[in-house]
Amino acid sequence: DHDQDADLIAFGNDGALLLRNLGNATFAPALDLGLGSVSPRARLGQLDGDGHLDLVAAGSVWRGNGDGTFLSVPVPTGLPAVDDVRCVDFDGDELADVVTGAGVALGDGMGGLAPPIDFDPPPDSGPIAVGDYTGDLEIDLVRLQAGVAGPIGFATLLPGLGDGQVPVFDRLPAGDSVWEMDIADVDADEHLDLLVSNIGPGFVNGSVSVLKGN
């Protein structure tokens, strides 16, 4: 809402709720934004260049009004609605795009989206992370997938080509019963590493796997 205080937005099957920061370490009561069901993996980003944060889910985008509310009619992305999502410049044109593990919908800078480019093969709906993992100054995608024939999950690197297209690289074992993923340079070598949380069989003996970037 442009008041310089960071607010909270929670979303899920029951809708999207806004908790305004009052600037004194407290928040106002939750306000229902009236958007209906919103994926819990939705993100905030700017797709239309108006300086207002938009609410971006894999299947839909709600454009922000700049006052903490959003337009009630979403813009469809054409991507599967169940996927994790990021709002980043994936094709090097300095305009934000909508990226999921299944594909990318390129933005036009005014809130519009091109028909999605599908990634092959299609993944299940696991977490994703984006960053320059290959050192070529292009945004790459990593998607996390649970094991198919056993508990071992995999992280698959899809290097970006700078035009929205990606080839498919081999999958890397990422741990037992993978759950979530994040990126950081944990060994200070200026290369991004992957951190994967593993819940373990039966939700016991959890761990964290670190896949070091080279």
# chains A, B, ... in the order shown; residues from 1 in each chain; ligands from 1
call {"tool": "select_by_dssp", "arguments": {"residues": "stretch 57-214 of chain A", "states": "strand (DSSP E)", "output": "PyMOL selection string"}}
result
chain A and resi 60-62+75-76+85-88+97-100+103-105+117-118+128-131+140-145+152-158+171-176+178-184+193-198+207-211
call {"tool": "residues_around", "arguments": {"residues": "A:Ser37", "least_positions_apart": "3", "cutoff": "8 Å", "atoms": "only C-alpha atoms", "output": "CSV table (one decimal) with N, CA, C and O atoms, in the first residue's frame"}}
result
chain,number,residue,atom,x,y,z
A,11,PHE,N,-2.5,-16.5,1.6
A,11,PHE,CA,-3.4,-17.0,0.7
A,11,PHE,C,-3.5,-18.5,0.7
A,11,PHE,O,-2.6,-19.2,1.1
A,12,GLY,N,-4.6,-19.0,0.2
A,12,GLY,CA,-4.9,-20.5,0.2
A,12,GLY,C,-6.3,-20.7,-0.3
A,12,GLY,O,-6.9,-19.9,-1.0
A,13,ASN,N,-6.8,-21.9,-0.1
A,13,ASN,CA,-8.1,-22.3,-0.6
A,13,ASN,C,-9.3,-21.4,-0.1
A,13,ASN,O,-10.3,-21.3,-0.7
A,14,ASP,N,-9.1,-20.8,1.1
A,14,ASP,CA,-10.1,-19.9,1.7
A,14,ASP,C,-10.0,-18.5,1.2
A,14,ASP,O,-10.8,-17.6,1.6
A,15,GLY,N,-9.1,-18.2,0.3
A,15,GLY,CA,-8.9,-16.8,-0.2
A,15,GLY,C,-7.6,-16.2,0.1
A,15,GLY,O,-6.7,-16.8,0.6
A,16,ALA,N,-7.6,-14.9,-0.1
A,16,ALA,CA,-6.4,-14.1,0.2
A,16,ALA,C,-6.7,-13.0,1.3
A,16,ALA,O,-7.7,-12.3,1.2
call {"tool": "residues_around", "arguments": {"residues": "stretch 100-116 of chain A", "least_positions_apart": "2", "cutoff": "10 Å", "atoms": "only C-alpha atoms", "output": "PyMOL selection string"}}
result
chain A and resi 46-50+54+57-59+61-63+75-91+93-98+118-130+141-145+156+158+163-166
call {"tool": "residues_around", "arguments": {"residues": "stretch 69-71 of chain A", "least_positions_apart": "6", "cutoff": "12 Å", "atoms": "only C-alpha atoms", "output": "VMD selection string"}}
result
chain A and resid 1 to 2 7 9 16 to 20 31 to 36 44 52 to 56 60 to 63
call {"tool": "residues_around", "arguments": {"residues": "A:Gly213", "least_positions_apart": "2", "cutoff": "6 Å", "atoms": "only C-alpha atoms", "output": "list in words"}}
result
His191, Leu192 and Asp193 of chain A
call {"tool": "closest_residue", "arguments": {"among": "A:Ile139, A:Gly51, A:Asp3, A:Ile117", "to": "A:Gly162", "atoms": "only C-alpha atoms"}}
result
A:Ile139
call {"tool": "decode", "arguments": {"residues": "stretch 27-49 of chain A", "atoms": "N, CA, C and O atoms", "output": "short mmCIF file (atom, residue, chain, number, x, y, z; two decimals), in the first residue's frame"}}
result
data_model
loop_
_atom_site.label_atom_id
_atom_site.label_comp_id
_atom_site.auth_asym_id
_atom_site.auth_seq_id
_atom_site.Cartn_x
_atom_site.Cartn_y
_atom_site.Cartn_z
N PHE A 27 -0.13 -5.54 13.57
CA PHE A 27 -0.83 -5.58 12.30
C PHE A 27 -2.32 -5.37 12.53
O PHE A 27 -2.87 -5.76 13.58
N ALA A 28 -2.97 -4.77 11.56
CA ALA A 28 -4.41 -4.61 11.60
C ALA A 28 -5.09 -5.97 11.43
O ALA A 28 -4.47 -6.91 10.94
N PRO A 29 -6.35 -6.09 11.84
CA PRO A 29 -7.06 -7.35 11.61
C PRO A 29 -7.05 -7.73 10.14
O PRO A 29 -7.03 -6.87 9.24
N ALA A 30 -7.07 -9.03 9.88
CA ALA A 30 -7.00 -9.54 8.51
C ALA A 30 -8.18 -9.05 7.68
O ALA A 30 -9.32 -9.07 8.14
N LEU A 31 -7.85 -8.60 6.47
CA LEU A 31 -8.87 -8.12 5.53
C LEU A 31 -8.97 -9.10 4.38
O LEU A 31 -7.98 -9.38 3.71
N ASP A 32 -10.17 -9.64 4.15
CA ASP A 32 -10.39 -10.55 3.02
C ASP A 32 -10.39 -9.72 1.74
O ASP A 32 -11.18 -8.78 1.57
N LEU A 33 -9.48 -10.07 0.80
CA LEU A 33 -9.34 -9.30 -0.43
C LEU A 33 -10.37 -9.67 -1.49
O LEU A 33 -10.40 -9.06 -2.56
N GLY A 34 -11.20 -10.67 -1.21
CA GLY A 34 -12.28 -11.01 -2.13
C GLY A 34 -11.84 -11.61 -3.43
O GLY A 34 -12.49 -11.41 -4.47
N LEU A 35 -10.74 -12.37 -3.43
CA LEU A 35 -10.19 -12.93 -4.66
C LEU A 35 -10.56 -14.40 -4.87
O LEU A 35 -10.20 -14.98 -5.88
N GLY A 36 -11.23 -15.00 -3.90
CA GLY A 36 -11.52 -16.43 -4.02
C GLY A 36 -10.29 -17.25 -3.71
O GLY A 36 -9.30 -16.76 -3.15
N SER A 37 -10.31 -18.50 -4.09
CA SER A 37 -9.20 -19.41 -3.82
C SER A 37 -7.93 -18.96 -4.55
O SER A 37 -7.96 -18.68 -5.75
N VAL A 38 -6.81 -18.88 -3.82
CA VAL A 38 -5.53 -18.49 -4.38
C VAL A 38 -4.49 -19.53 -3.96
O VAL A 38 -4.45 -19.95 -2.81
N SER A 39 -3.66 -19.95 -4.89
CA SER A 39 -2.64 -20.95 -4.59
C SER A 39 -1.76 -20.49 -3.43
O SER A 39 -1.32 -19.34 -3.39
N PRO A 40 -1.48 -21.39 -2.47
CA PRO A 40 -0.57 -21.01 -1.37
C PRO A 40 0.85 -20.74 -1.84
O PRO A 40 1.66 -20.23 -1.07
N ARG A 41 1.18 -21.06 -3.09
CA ARG A 41 2.50 -20.78 -3.64
C ARG A 41 2.51 -19.51 -4.49
O ARG A 41 3.44 -19.27 -5.26
N ALA A 42 1.50 -18.67 -4.35
CA ALA A 42 1.47 -17.41 -5.09
C ALA A 42 2.58 -16.48 -4.61
O ALA A 42 3.13 -16.63 -3.51
N ARG A 43 2.92 -15.52 -5.44
CA ARG A 43 4.01 -14.56 -5.15
C ARG A 43 3.55 -13.16 -5.49
O ARG A 43 2.56 -12.96 -6.21
N LEU A 44 4.31 -12.19 -5.00
CA LEU A 44 4.09 -10.80 -5.38
C LEU A 44 5.16 -10.38 -6.38
O LEU A 44 6.32 -10.74 -6.26
N GLY A 45 4.76 -9.61 -7.38
CA GLY A 45 5.70 -9.12 -8.38
C GLY A 45 5.04 -8.01 -9.18
O GLY A 45 3.85 -7.75 -9.04
N GLN A 46 5.82 -7.33 -10.03
CA GLN A 46 5.30 -6.25 -10.86
C GLN A 46 5.30 -6.70 -12.31
O GLN A 46 6.36 -6.92 -12.90
N LEU A 47 4.11 -6.82 -12.89
CA LEU A 47 3.99 -7.27 -14.27
C LEU A 47 3.57 -6.17 -15.23
O LEU A 47 3.75 -6.32 -16.43
N ASP A 48 3.01 -5.07 -14.72
CA ASP A 48 2.45 -4.08 -15.64
C ASP A 48 3.16 -2.73 -15.58
O ASP A 48 2.70 -1.77 -16.19
N GLY A 49 4.25 -2.61 -14.82
CA GLY A 49 5.05 -1.39 -14.85
C GLY A 49 4.41 -0.19 -14.21
O GLY A 49 4.88 0.94 -14.44
#
